[in-house]
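Chemist: Quick one, start-v3.txt (compact mmCIF, C-alpha atoms (C1' of nucleotides)):
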# COMPACT_ATOMS: atom_id res chain seq x y z
CA MET A 336 5.01 -10.86 1.90
CA ASN A 337 8.12 -12.05 3.62
CA SER A 338 8.27 -15.80 4.20
CA GLU A 339 9.54 -15.39 7.75
CA PHE A 340 6.23 -13.79 8.64
CA ILE A 341 4.45 -16.88 7.37
CA ILE A 342 6.81 -19.26 9.13
CA ALA A 343 6.29 -17.33 12.37
CA VAL A 344 2.49 -17.32 12.10
CA HIS A 345 2.31 -20.96 11.06
CA SER A 346 4.60 -22.04 13.90
CA LEU A 347 2.64 -20.11 16.49
CA VAL A 348 -0.65 -21.54 15.28
CA LEU A 349 0.82 -25.01 15.41
CA LEU A 350 2.08 -24.48 18.95
CA ALA A 351 -1.30 -23.06 19.93
CA HIS A 352 -2.86 -26.24 18.64
CA LYS A 353 -0.83 -28.42 20.94
CA PRO A 354 -0.54 -26.39 24.14
CA ASP A 355 2.00 -27.44 26.77
CA CYS A 356 3.65 -29.52 24.11
CA MET A 357 7.23 -28.97 23.19
CA ALA A 358 7.75 -29.17 19.48
CA SER A 359 11.22 -29.46 17.98
CA SER A 360 12.39 -27.40 15.05
CA GLU A 361 12.32 -30.58 13.01
CA GLU A 362 8.66 -31.30 13.74
CA ILE A 363 7.67 -27.72 13.07
CA ALA A 364 9.73 -27.54 9.89
CA ALA A 365 8.05 -30.68 8.56
CA ASN A 366 4.66 -29.09 9.18
CA VAL A 367 5.58 -25.74 7.70
CA CYS A 368 7.48 -27.37 4.83
CA THR A 369 10.83 -25.70 5.24
CA HIS A 370 14.24 -26.36 6.72
CA PRO A 371 14.65 -26.75 10.51
CA ALA A 372 17.40 -24.12 10.52
CA ARG A 373 14.93 -21.53 9.24
CA VAL A 374 12.45 -22.43 11.93
CA ARG A 375 15.14 -22.11 14.58
CA LYS A 376 16.08 -18.69 13.26
CA VAL A 377 12.50 -17.40 13.26
CA LEU A 378 11.52 -18.91 16.60
CA GLY A 379 14.79 -17.81 18.15
CA PHE A 380 13.74 -14.31 17.25
CA LEU A 381 10.27 -14.80 18.69
CA ARG A 382 11.87 -16.08 21.88
CA LYS A 383 13.76 -12.81 22.30
CA ARG A 384 10.45 -11.01 21.96
CA GLY A 385 8.74 -13.16 24.55
CA TYR A 386 6.35 -15.10 22.35
CA VAL A 387 7.82 -18.55 22.89
CA ALA A 388 10.06 -20.35 25.33
CA THR A 389 12.81 -22.61 24.10
CA ARG A 390 14.67 -25.41 25.77
CA GLU A 391 17.98 -26.56 24.43
CA GLY A 392 19.39 -30.05 24.71
CA SER A 393 17.79 -33.42 24.50
CA GLY A 394 14.01 -33.34 24.60
CA GLY A 395 14.09 -29.62 24.00
CA GLY A 396 12.10 -27.53 21.57
CA TYR A 397 9.66 -24.65 21.49
CA LYS A 398 6.57 -23.82 23.51
CA LEU A 399 4.07 -20.98 23.46
CA LEU A 400 4.42 -18.37 26.19
CA LYS A 401 1.55 -16.04 25.34
CA ASP A 402 -2.16 -16.62 25.06
CA PRO A 403 -3.08 -17.21 21.38
CA SER A 404 -5.83 -14.61 21.67
CA ASP A 405 -3.24 -12.05 22.79
CA MET A 406 -1.04 -12.35 19.72
CA THR A 407 -2.19 -10.54 16.61
CA LEU A 408 -0.82 -10.80 13.11
CA ALA A 409 0.07 -7.12 13.45
CA ASP A 410 2.47 -7.96 16.28
CA ILE A 411 4.13 -10.61 14.17
CA TYR A 412 4.16 -8.36 11.12
CA ARG A 413 5.94 -5.61 13.02
CA GLU A 414 8.50 -8.06 14.35
CA MET A 415 9.19 -9.96 11.18
CA ALA A 416 8.23 -7.95 8.15
CA ALA A 417 7.76 -4.27 8.95
CA GLY A 418 8.17 -2.12 5.87
CA SER A 419 7.85 -5.00 3.46
CA LEU A 420 5.17 -3.17 1.52
CA THR A 421 7.39 -0.23 0.70
CA PRO A 422 9.34 -1.02 -2.44
CA THR A 423 13.12 -1.15 -2.41
CA TRP A 424 13.17 0.20 -5.91
CA CYS A 425 12.36 3.88 -6.19
CA SER A 426 11.88 6.29 -9.03
CA GLY A 427 13.02 9.88 -9.40
CA ASN A 428 15.89 11.59 -7.69
CA PRO A 429 15.81 14.44 -5.13
CA GLU A 430 18.77 16.12 -6.85
CA MET A 431 16.86 16.39 -10.09
CA ASP A 432 15.92 19.72 -11.60
CA CYS A 433 12.25 18.84 -12.06
CA MET A 434 9.46 19.29 -9.58
CA VAL A 435 7.94 15.90 -10.30
CA GLY A 436 11.15 13.88 -10.46
CA SER A 437 12.69 15.47 -7.41
CA ASN A 438 9.70 15.09 -5.10
CA MET A 439 8.32 11.76 -6.23
CA GLN A 440 10.33 9.65 -3.79
CA ASP A 441 9.00 11.50 -0.77
CA VAL A 442 5.41 11.51 -1.97
CA MET A 443 5.56 7.85 -2.95
CA ASN A 444 7.03 7.08 0.43
CA SER A 445 4.21 8.81 2.27
CA VAL A 446 1.72 6.84 0.21
CA PHE A 447 3.33 3.57 1.23
CA CYS A 448 3.54 4.61 4.86
CA GLY A 449 -0.20 5.12 4.80
CA ALA A 450 -0.69 1.75 3.11
CA GLU A 451 1.46 0.10 5.74
CA GLN A 452 -0.74 1.56 8.47
CA LYS A 453 -3.89 0.25 6.81
CA LEU A 454 -2.32 -3.15 6.54
CA GLU A 455 -1.29 -3.18 10.19
CA SER A 456 -4.73 -2.16 11.38
CA TYR A 457 -6.19 -5.02 9.35
CA PHE A 458 -3.69 -7.48 10.81
CA ALA A 459 -4.37 -6.12 14.29
CA GLU A 460 -7.82 -7.63 14.11
CA ILE A 461 -6.63 -11.17 13.47
CA THR A 462 -5.19 -13.17 16.36
CA ILE A 463 -3.31 -16.45 16.33
CA GLY A 464 -6.29 -17.94 18.14
CA GLN A 465 -8.59 -16.81 15.33
CA MET A 466 -6.28 -18.35 12.76
CA LEU A 467 -6.61 -21.66 14.57
CA SER A 468 -10.39 -21.28 14.71
CA ARG A 469 -10.55 -20.63 10.99
CA ILE A 470 -8.52 -23.77 10.40
CA LYS A 471 -10.88 -25.80 12.56
CA GLU A 472 -13.91 -24.43 10.73
CA ARG A 473 -12.40 -25.36 7.42
CA GLN A 474 -11.56 -28.82 8.70
CA HIS A 475 -15.15 -29.49 9.73
CA ALA A 476 -16.70 -27.96 6.64
CA MET B 501 5.66 -3.30 -4.33
CA ASN B 502 6.24 -4.00 -7.95
CA SER B 503 8.40 -1.42 -9.70
CA GLU B 504 6.13 -1.32 -12.73
CA PHE B 505 3.42 0.14 -10.53
CA ILE B 506 5.79 2.91 -9.54
CA ILE B 507 6.92 3.54 -13.08
CA ALA B 508 3.28 3.73 -14.18
CA VAL B 509 2.26 6.14 -11.43
CA HIS B 510 5.32 8.33 -11.86
CA SER B 511 4.85 8.51 -15.62
CA LEU B 512 1.18 9.41 -15.32
CA VAL B 513 1.91 12.13 -12.77
CA LEU B 514 4.61 13.49 -15.03
CA LEU B 515 2.25 13.54 -18.02
CA ALA B 516 -0.44 15.16 -15.88
CA HIS B 517 2.04 17.87 -15.05
CA LYS B 518 2.57 18.74 -18.67
CA PRO B 519 -0.86 18.32 -20.25
CA ASP B 520 -1.13 18.24 -24.03
CA CYS B 521 2.59 17.63 -24.10
CA MET B 522 4.00 14.61 -25.78
CA ALA B 523 6.81 13.13 -23.79
CA SER B 524 9.11 10.52 -25.29
CA SER B 525 10.08 7.34 -23.48
CA GLU B 526 13.57 8.77 -23.17
CA GLU B 527 12.40 11.93 -21.40
CA ILE B 528 10.15 9.97 -19.08
CA ALA B 529 12.83 7.38 -18.35
CA ALA B 530 15.29 10.12 -17.40
CA ASN B 531 12.76 11.52 -14.97
CA VAL B 532 11.81 8.15 -13.50
CA CYS B 533 15.44 6.97 -13.49
CA THR B 534 15.10 3.80 -15.47
CA HIS B 535 15.60 2.47 -18.96
CA PRO B 536 13.46 3.81 -21.83
CA ALA B 537 12.53 0.27 -22.84
CA ARG B 538 10.90 -0.29 -19.46
CA VAL B 539 8.89 2.90 -19.83
CA ARG B 540 7.74 1.84 -23.28
CA LYS B 541 6.65 -1.51 -21.91
CA VAL B 542 4.68 -0.01 -19.05
CA LEU B 543 3.11 2.80 -21.03
CA GLY B 544 2.36 0.45 -23.90
CA PHE B 545 0.29 -1.49 -21.43
CA LEU B 546 -1.45 1.63 -20.15
CA ARG B 547 -2.26 2.55 -23.76
CA LYS B 548 -4.14 -0.73 -24.23
CA ARG B 549 -6.14 0.13 -21.13
CA GLY B 550 -7.00 3.59 -22.38
CA TYR B 551 -4.96 5.69 -19.97
CA VAL B 552 -2.57 7.20 -22.47
CA ALA B 553 -2.32 7.79 -26.20
CA THR B 554 0.88 7.08 -28.04
CA ARG B 555 2.21 8.33 -31.32
CA GLU B 556 4.91 6.43 -33.10
CA GLY B 557 7.47 7.94 -35.41
CA SER B 558 9.40 11.17 -35.28
CA GLY B 559 8.06 13.64 -32.75
CA GLY B 560 6.01 10.88 -31.18
CA GLY B 561 5.65 9.92 -27.57
CA TYR B 562 3.03 9.55 -24.88
CA LYS B 563 0.13 11.74 -23.82
CA LEU B 564 -2.53 11.47 -21.13
CA LEU B 565 -5.98 10.46 -22.26
CA LYS B 566 -7.88 10.51 -18.97
CA ASP B 567 -8.47 13.25 -16.47
CA PRO B 568 -5.87 12.97 -13.65
CA SER B 569 -8.66 13.15 -11.09
CA ASP B 570 -10.31 10.14 -12.72
CA MET B 571 -7.35 7.83 -12.32
CA THR B 572 -6.80 6.31 -8.90
CA LEU B 573 -3.83 4.35 -7.64
CA ALA B 574 -6.23 1.43 -7.21
CA ASP B 575 -6.83 1.40 -10.95
CA ILE B 576 -3.11 1.32 -11.62
CA TYR B 577 -2.54 -1.24 -8.90
CA ARG B 578 -5.09 -3.60 -10.41
CA GLU B 579 -3.55 -3.21 -13.84
CA MET B 580 0.07 -3.50 -12.91
CA ALA B 581 0.48 -5.24 -9.58
CA ALA B 582 -2.65 -7.10 -8.53
CA GLY B 583 -1.87 -9.86 -6.06
CA SER B 584 1.58 -8.56 -5.26
CA LEU B 585 0.83 -8.66 -1.55
CA THR B 586 0.13 -12.38 -1.53
CA PRO B 587 3.39 -14.22 -1.08
CA THR B 588 4.66 -16.65 -3.67
CA TRP B 589 6.15 -18.79 -0.94
CA CYS B 590 3.64 -20.75 1.07
CA SER B 591 3.80 -23.00 4.07
CA GLY B 592 2.04 -26.28 4.79
CA ASN B 593 0.64 -28.75 2.31
CA PRO B 594 -3.00 -29.72 1.67
CA GLU B 595 -1.99 -33.39 1.36
CA MET B 596 -0.58 -33.42 4.85
CA ASP B 597 -2.07 -35.52 7.62
CA CYS B 598 -2.32 -32.65 10.09
CA MET B 599 -5.19 -30.24 10.54
CA VAL B 600 -2.93 -27.22 10.86
CA GLY B 601 -0.46 -28.05 8.11
CA SER B 602 -3.10 -29.11 5.62
CA ASN B 603 -5.35 -26.07 6.00
CA MET B 604 -2.82 -23.33 6.52
CA GLN B 605 -2.44 -22.44 2.85
CA ASP B 606 -6.13 -21.75 2.42
CA VAL B 607 -6.47 -19.77 5.61
CA MET B 608 -3.33 -17.76 4.91
CA ASN B 609 -4.64 -17.09 1.45
CA SER B 610 -7.93 -15.74 2.74
CA VAL B 611 -6.00 -13.46 5.10
CA PHE B 612 -4.02 -12.02 2.22
CA CYS B 613 -7.10 -11.61 0.05
CA GLY B 614 -8.56 -9.47 2.80
CA ALA B 615 -5.36 -7.50 3.07
CA GLU B 616 -5.36 -6.94 -0.65
CA GLN B 617 -8.87 -5.50 -0.46
CA LYS B 618 -7.87 -3.12 2.31
CA LEU B 619 -4.93 -1.99 0.25
CA GLU B 620 -7.07 -1.42 -2.82
CA SER B 621 -9.64 0.61 -0.92
CA TYR B 622 -6.83 2.79 0.41
CA PHE B 623 -5.39 3.27 -3.07
CA ALA B 624 -8.86 4.01 -4.40
CA GLU B 625 -8.84 7.25 -2.45
CA ILE B 626 -5.66 8.57 -4.05
CA THR B 627 -5.83 9.96 -7.58
CA ILE B 628 -3.03 10.87 -9.95
CA GLY B 629 -4.21 14.47 -9.60
CA GLN B 630 -3.78 14.28 -5.84
CA MET B 631 -0.29 12.87 -6.25
CA LEU B 632 0.57 15.91 -8.34
CA SER B 633 -0.97 18.23 -5.74
CA ARG B 634 1.08 16.63 -2.99
CA ILE B 635 4.20 17.16 -5.04
CA LYS B 636 3.33 20.82 -5.56
CA GLU B 637 2.69 21.31 -1.85
CA ARG B 638 6.02 19.78 -1.02
CA GLN B 639 7.73 21.96 -3.59
CA HIS B 640 6.34 25.14 -2.08
CA ALA B 641 6.94 24.08 1.52
C1' DT C 458 30.85 -39.41 32.08
C1' DT C 459 29.67 -40.23 27.75
C1' DC C 460 26.19 -40.36 24.24
C1' DA C 461 22.29 -38.63 21.85
C1' DA C 462 19.12 -35.06 20.91
C1' DC C 463 18.35 -30.80 20.79
C1' DT C 464 19.02 -25.20 19.97
C1' DG C 465 21.82 -21.04 18.28
C1' DT C 466 24.19 -19.06 14.61
C1' DA C 467 26.89 -18.08 10.87
C1' DA C 468 28.39 -19.10 6.38
C1' DC C 469 27.70 -20.69 1.94
C1' DT C 470 25.19 -22.41 -2.22
C1' DG C 471 21.89 -22.19 -5.65
C1' DC C 472 17.74 -20.64 -7.56
C1' DT C 473 14.53 -17.38 -9.07
C1' DA C 474 12.69 -13.07 -10.01
C1' DA C 475 13.43 -8.52 -11.35
C1' DT C 476 15.88 -4.91 -13.49
C1' DA C 477 18.79 -3.34 -17.17
C1' DT C 478 20.21 -3.61 -21.74
C1' DT C 479 20.41 -4.70 -26.54
C1' DA C 480 18.41 -5.21 -30.85
C1' DC C 481 15.61 -4.52 -34.54
C1' DA C 482 11.26 -4.19 -37.10
C1' DG C 483 7.51 -0.93 -37.77
C1' DT C 484 5.81 3.87 -38.24
C1' DA C 485 5.35 8.74 -38.88
C1' DA C 486 7.12 13.46 -39.82
C1' DC C 487 9.86 16.35 -42.49
C1' DG D 687 14.87 8.53 -47.57
C1' DT D 688 16.47 9.94 -43.40
C1' DT D 689 15.67 10.83 -38.71
C1' DA D 690 13.24 10.12 -34.54
C1' DC D 691 10.32 7.76 -32.48
C1' DT D 692 7.34 3.28 -30.51
C1' DG D 693 6.61 -1.93 -29.94
C1' DT D 694 8.38 -5.94 -28.48
C1' DA D 695 11.15 -9.82 -27.76
C1' DA D 696 15.42 -11.72 -26.36
C1' DT D 697 19.26 -11.64 -23.54
C1' DA D 698 22.36 -10.28 -19.76
C1' DT D 699 23.03 -8.97 -15.16
C1' DT D 700 22.04 -8.37 -10.45
C1' DA D 701 20.06 -8.96 -6.07
C1' DG D 702 17.39 -11.17 -2.83
C1' DC D 703 15.86 -15.24 -0.79
C1' DA D 704 15.14 -19.94 0.40
C1' DG D 705 17.75 -24.07 1.22
C1' DT D 706 21.53 -26.24 3.17
C1' DT D 707 25.64 -27.32 5.73
C1' DA D 708 28.35 -27.08 9.67
C1' DC D 709 29.52 -26.87 14.18
C1' DA D 710 29.71 -25.09 18.88
C1' DG D 711 26.94 -25.00 22.98
C1' DT D 712 23.36 -27.18 26.06
C1' DT D 713 20.67 -30.56 28.34
C1' DG D 714 18.83 -35.11 29.79
C1' DA D 715 19.44 -39.83 30.32
C1' DA D 716 21.74 -44.32 30.07
What would the structure in this file look like if it were written as structure tokens?

Modeler:
Amino acid sequence: MNSEFIIAVHSLVLLAHKPDCMASSEEIAANVCTHPARVRKVLGFLRKRGYVATREGSGGGYKLLKDPSDMTLADIYREMAAGSLTPTWCSGNPEMDCMVGSNMQDVMNSVFCGAEQKLESYFAEITIGQMLSRIKERQHA
Amino acid sequence: MNSEFIIAVHSLVLLAHKPDCMASSEEIAANVCTHPARVRKVLGFLRKRGYVATREGSGGGYKLLKDPSDMTLADIYREMAAGSLTPTWCSGNPEMDCMVGSNMQDVMNSVFCGAEQKLESYFAEITIGQMLSRIKERQHA
DNA sequence: TTCAACTGTAACTGCTAATATTACAGTAAC
DNA sequence: GTTACTGTAATATTAGCAGTTACAGTTGAA
């Protein structure tokens, strides 16, 4: 899985944990353990999609716009990492003079499309709010 | 997805297509579009797991041992690519003094374990024989 | 009105993982 | 014993990705 998906989910969970709070890319990056520029890139993208609001300038940062229980991992997956299951590498060649070799790419592709759908429907059942709940449970355990 | 998974599946489908036929690593590699040494590595592994028989020396090569309808993609996935969904990169840090940052790795991990199970159960419903059937359908379409 | 603290982006570096390739010892058929 | 294979390890090469730097633009406050 794509690391931008993880950065996005982690950032949203963090923002859900401190509602109404602005968090700067530096704070978030320290929590996620990555570079602030990566956080800005990911959250800048989520801003365009309406998940967060940003404020530039002094005292600025990022803030949740949506309800944590209205954001699923499937939404984030589609935004940040769609198609990441399907391999870049592929075998066979449609020009080939062999039934197996020439059709394998298409068949393999349909297999991975199906897998992608299964994955999305699994992610669709997990919200950012639930992620936060799971973290709280683990904390108190 | 791991390319060795694809090489394994493609090779098995190819062998299923020509039963009782020995195919050399060179023939298979030409069909898969990769290097013979990679095919030997992958099929050598499948030999140890009982999927194929190999014969060294002149006229040697690889041959299917199992019934194509008895081999599922889940079997191959577990052998060749288990855990490939779970990202190597991970956010947060258990040592951190923040509930979210310190528990995120575990929670994220449990999410991906679940995803992996969904993926395996999907692959469990697709056999090598079915892959071959799909290829034949596509050929005649 | 200037300074300080931010975001937005693009460009670049460096690392790591994955694929390709080479090489050669071992083995079997003819 | 020669040819055609597998088995396997070592090495090169490539591509993708995370990390980093840099700087222009924006905002709030002294």

Chemist: What are the nearest atom pairs, with distances in Å to one decimal, for all residues of chain A that come at most 10 Å from chain D, using all atoms listed in the file, set out by chain and rising residue number as CSV?

Modeler:
residue,atom,partner,partner_atom,distance
A:Asn337,CA,D:DC703,C1',9.5
A:Ser338,CA,D:DA704,C1',8.9
A:Thr369,CA,D:DG705,C1',8.2
A:His370,CA,D:DG705,C1',6.9
A:Ala372,CA,D:DT706,C1',8.7
A:Arg373,CA,D:DG705,C1',8.9
A:Arg390,CA,D:DT713,C1',8.3
A:Glu391,CA,D:DT712,C1',5.7
A:Gly392,CA,D:DT713,C1',3.9
A:Ser393,CA,D:DT713,C1',5.6
A:Gly394,CA,D:DG714,C1',7.3
A:Gly395,CA,D:DT713,C1',7.9

Chemist: For chain A against chain B, which residues fall within 6 Å using all atoms listed in the file, given as a count of residues only?

Modeler: 11

Chemist: Quick one, how far is atom C1' of DT478 of chain C from atom CA of Leu512 of chain B?

Modeler: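 Those two atoms sit 23.9 Å apart.
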
Chemist: At a cut-off of 9 Å, list the chain C residues touching chain B, using all atoms listed in the file, as a compact mmCIF listing (two decimals) with C-alpha atoms (C1' of nucleotides), in the coordinates of the input.

Modeler:
# COMPACT_ATOMS: atom_id res chain seq x y z
C1' DA C 475 13.43 -8.52 -11.35
C1' DT C 476 15.88 -4.91 -13.49
C1' DA C 477 18.79 -3.34 -17.17
C1' DT C 478 20.21 -3.61 -21.74
C1' DT C 484 5.81 3.87 -38.24
C1' DA C 485 5.35 8.74 -38.88
C1' DA C 486 7.12 13.46 -39.82
C1' DC C 487 9.86 16.35 -42.49

Chemist: Least-squares superpose chain B onto chain A - every C-alpha atom, paired in order - and show me the moved coordinates as a JSON list (two decimals) with C-alpha atoms, in the frame of the given file.

Modeler:
[["chain", "number", "residue", "atom", "x", "y", "z"],
["B", 501, "MET", "CA", 5.05, -10.88, 1.92],
["B", 502, "ASN", "CA", 8.15, -12.03, 3.65],
["B", 503, "SER", "CA", 8.31, -15.78, 4.21],
["B", 504, "GLU", "CA", 9.58, -15.37, 7.75],
["B", 505, "PHE", "CA", 6.27, -13.79, 8.66],
["B", 506, "ILE", "CA", 4.51, -16.87, 7.36],
["B", 507, "ILE", "CA", 6.85, -19.25, 9.11],
["B", 508, "ALA", "CA", 6.32, -17.33, 12.36],
["B", 509, "VAL", "CA", 2.53, -17.32, 12.09],
["B", 510, "HIS", "CA", 2.34, -20.96, 11.05],
["B", 511, "SER", "CA", 4.62, -22.04, 13.87],
["B", 512, "LEU", "CA", 2.66, -20.10, 16.47],
["B", 513, "VAL", "CA", -0.64, -21.53, 15.25],
["B", 514, "LEU", "CA", 0.84, -24.99, 15.36],
["B", 515, "LEU", "CA", 2.09, -24.48, 18.92],
["B", 516, "ALA", "CA", -1.29, -23.04, 19.91],
["B", 517, "HIS", "CA", -2.86, -26.21, 18.62],
["B", 518, "LYS", "CA", -0.82, -28.37, 20.91],
["B", 519, "PRO", "CA", -0.55, -26.35, 24.12],
["B", 520, "ASP", "CA", 1.98, -27.40, 26.74],
["B", 521, "CYS", "CA", 3.61, -29.49, 24.06],
["B", 522, "MET", "CA", 7.20, -28.99, 23.16],
["B", 523, "ALA", "CA", 7.72, -29.20, 19.45],
["B", 524, "SER", "CA", 11.19, -29.50, 17.98],
["B", 525, "SER", "CA", 12.38, -27.42, 15.05],
["B", 526, "GLU", "CA", 12.33, -30.58, 12.98],
["B", 527, "GLU", "CA", 8.66, -31.30, 13.70],
["B", 528, "ILE", "CA", 7.67, -27.71, 13.04],
["B", 529, "ALA", "CA", 9.74, -27.52, 9.86],
["B", 530, "ALA", "CA", 8.06, -30.66, 8.52],
["B", 531, "ASN", "CA", 4.68, -29.08, 9.13],
["B", 532, "VAL", "CA", 5.62, -25.71, 7.66],
["B", 533, "CYS", "CA", 7.54, -27.33, 4.79],
["B", 534, "THR", "CA", 10.88, -25.67, 5.22],
["B", 535, "HIS", "CA", 14.29, -26.31, 6.70],
["B", 536, "PRO", "CA", 14.67, -26.75, 10.48],
["B", 537, "ALA", "CA", 17.41, -24.12, 10.55],
["B", 538, "ARG", "CA", 14.97, -21.52, 9.26],
["B", 539, "VAL", "CA", 12.47, -22.43, 11.96],
["B", 540, "ARG", "CA", 15.15, -22.13, 14.62],
["B", 541, "LYS", "CA", 16.10, -18.72, 13.31],
["B", 542, "VAL", "CA", 12.54, -17.43, 13.30],
["B", 543, "LEU", "CA", 11.53, -18.93, 16.62],
["B", 544, "GLY", "CA", 14.79, -17.85, 18.18],
["B", 545, "PHE", "CA", 13.75, -14.34, 17.31],
["B", 546, "LEU", "CA", 10.26, -14.82, 18.73],
["B", 547, "ARG", "CA", 11.85, -16.12, 21.94],
["B", 548, "LYS", "CA", 13.75, -12.85, 22.40],
["B", 549, "ARG", "CA", 10.44, -11.04, 22.03],
["B", 550, "GLY", "CA", 8.72, -13.20, 24.61],
["B", 551, "TYR", "CA", 6.34, -15.13, 22.38],
["B", 552, "VAL", "CA", 7.79, -18.57, 22.91],
["B", 553, "ALA", "CA", 10.01, -20.40, 25.37],
["B", 554, "THR", "CA", 12.74, -22.68, 24.16],
["B", 555, "ARG", "CA", 14.56, -25.51, 25.82],
["B", 556, "GLU", "CA", 17.88, -26.65, 24.50],
["B", 557, "GLY", "CA", 19.25, -30.14, 24.79],
["B", 558, "SER", "CA", 17.63, -33.53, 24.51],
["B", 559, "GLY", "CA", 13.85, -33.42, 24.61],
["B", 560, "GLY", "CA", 13.97, -29.69, 24.03],
["B", 561, "GLY", "CA", 12.04, -27.58, 21.60],
["B", 562, "TYR", "CA", 9.64, -24.68, 21.49],
["B", 563, "LYS", "CA", 6.55, -23.85, 23.52],
["B", 564, "LEU", "CA", 4.06, -20.98, 23.47],
["B", 565, "LEU", "CA", 4.41, -18.40, 26.20],
["B", 566, "LYS", "CA", 1.54, -16.05, 25.36],
["B", 567, "ASP", "CA", -2.16, -16.63, 25.07],
["B", 568, "PRO", "CA", -3.06, -17.21, 21.38],
["B", 569, "SER", "CA", -5.80, -14.61, 21.66],
["B", 570, "ASP", "CA", -3.22, -12.06, 22.81],
["B", 571, "MET", "CA", -1.03, -12.36, 19.75],
["B", 572, "THR", "CA", -2.16, -10.55, 16.63],
["B", 573, "LEU", "CA", -0.78, -10.79, 13.13],
["B", 574, "ALA", "CA", 0.11, -7.11, 13.47],
["B", 575, "ASP", "CA", 2.47, -7.96, 16.30],
["B", 576, "ILE", "CA", 4.16, -10.61, 14.19],
["B", 577, "TYR", "CA", 4.19, -8.36, 11.16],
["B", 578, "ARG", "CA", 5.97, -5.61, 13.06],
["B", 579, "GLU", "CA", 8.53, -8.06, 14.38],
["B", 580, "MET", "CA", 9.23, -9.95, 11.22],
["B", 581, "ALA", "CA", 8.26, -7.94, 8.18],
["B", 582, "ALA", "CA", 7.79, -4.26, 8.98],
["B", 583, "GLY", "CA", 8.19, -2.10, 5.89],
["B", 584, "SER", "CA", 7.88, -4.99, 3.48],
["B", 585, "LEU", "CA", 5.19, -3.16, 1.54],
["B", 586, "THR", "CA", 7.42, -0.21, 0.73],
["B", 587, "PRO", "CA", 9.37, -1.00, -2.40],
["B", 588, "THR", "CA", 13.14, -1.11, -2.41],
["B", 589, "TRP", "CA", 13.18, 0.25, -5.93],
["B", 590, "CYS", "CA", 12.32, 3.91, -6.21],
["B", 591, "SER", "CA", 11.83, 6.32, -9.05],
["B", 592, "GLY", "CA", 12.96, 9.91, -9.45],
["B", 593, "ASN", "CA", 15.83, 11.64, -7.74],
["B", 594, "PRO", "CA", 15.76, 14.49, -5.19],
["B", 595, "GLU", "CA", 18.72, 16.15, -6.93],
["B", 596, "MET", "CA", 16.82, 16.42, -10.17],
["B", 597, "ASP", "CA", 15.86, 19.75, -11.68],
["B", 598, "CYS", "CA", 12.21, 18.85, -12.14],
["B", 599, "MET", "CA", 9.40, 19.31, -9.66],
["B", 600, "VAL", "CA", 7.89, 15.91, -10.36],
["B", 601, "GLY", "CA", 11.09, 13.88, -10.53],
["B", 602, "SER", "CA", 12.64, 15.49, -7.48],
["B", 603, "ASN", "CA", 9.66, 15.10, -5.16],
["B", 604, "MET", "CA", 8.29, 11.77, -6.28],
["B", 605, "GLN", "CA", 10.31, 9.68, -3.84],
["B", 606, "ASP", "CA", 8.98, 11.52, -0.82],
["B", 607, "VAL", "CA", 5.39, 11.52, -1.99],
["B", 608, "MET", "CA", 5.53, 7.86, -2.97],
["B", 609, "ASN", "CA", 7.02, 7.10, 0.40],
["B", 610, "SER", "CA", 4.20, 8.83, 2.25],
["B", 611, "VAL", "CA", 1.70, 6.84, 0.19],
["B", 612, "PHE", "CA", 3.33, 3.58, 1.22],
["B", 613, "CYS", "CA", 3.55, 4.62, 4.86],
["B", 614, "GLY", "CA", -0.19, 5.10, 4.79],
["B", 615, "ALA", "CA", -0.67, 1.75, 3.12],
["B", 616, "GLU", "CA", 1.48, 0.12, 5.74],
["B", 617, "GLN", "CA", -0.71, 1.56, 8.48],
["B", 618, "LYS", "CA", -3.85, 0.25, 6.82],
["B", 619, "LEU", "CA", -2.28, -3.16, 6.56],
["B", 620, "GLU", "CA", -1.25, -3.16, 10.20],
["B", 621, "SER", "CA", -4.70, -2.15, 11.40],
["B", 622, "TYR", "CA", -6.16, -5.02, 9.38],
["B", 623, "PHE", "CA", -3.66, -7.48, 10.84],
["B", 624, "ALA", "CA", -4.34, -6.12, 14.31],
["B", 625, "GLU", "CA", -7.81, -7.62, 14.14],
["B", 626, "ILE", "CA", -6.59, -11.16, 13.48],
["B", 627, "THR", "CA", -5.17, -13.17, 16.37],
["B", 628, "ILE", "CA", -3.28, -16.44, 16.33],
["B", 629, "GLY", "CA", -6.28, -17.94, 18.13],
["B", 630, "GLN", "CA", -8.57, -16.82, 15.33],
["B", 631, "MET", "CA", -6.25, -18.34, 12.75],
["B", 632, "LEU", "CA", -6.58, -21.64, 14.57],
["B", 633, "SER", "CA", -10.37, -21.28, 14.72],
["B", 634, "ARG", "CA", -10.53, -20.64, 10.99],
["B", 635, "ILE", "CA", -8.50, -23.76, 10.40],
["B", 636, "LYS", "CA", -10.85, -25.80, 12.58],
["B", 637, "GLU", "CA", -13.89, -24.43, 10.76],
["B", 638, "ARG", "CA", -12.39, -25.35, 7.44],
["B", 639, "GLN", "CA", -11.55, -28.81, 8.71],
["B", 640, "HIS", "CA", -15.12, -29.48, 9.76],
["B", 641, "ALA", "CA", -16.67, -27.95, 6.64]]

Chemist: For a test of reading the model, state the distance in Å between atom CA of Ala581 of chain B and atom CA of Ala508 of chain B, rounded to one decimal.

Modeler: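 Distance reported for this atom pair: 10.5 Å.
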
Chemist: Given 8 Å on each side, where is the centre and what are the edge lengths in Å to one decimal of the axis-aligned box enclosing the listed atoms of segment 504-517 of chain B, as lines of an AutoDock Vina configuration file?

Modeler:
center_x = 3.2
center_y = 8.3
center_z = -13.8
size_x = 23.4
size_y = 35.2
size_z = 24.5

Chemist: What's the separation between atom CA of Lys548 of chain B and atom CA of Lys563 of chain B, in Å to one decimal place?

Modeler: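 We find that atom CA of Lys548 of chain B and atom CA of Lys563 of chain B lie 13.2 Å from each other.
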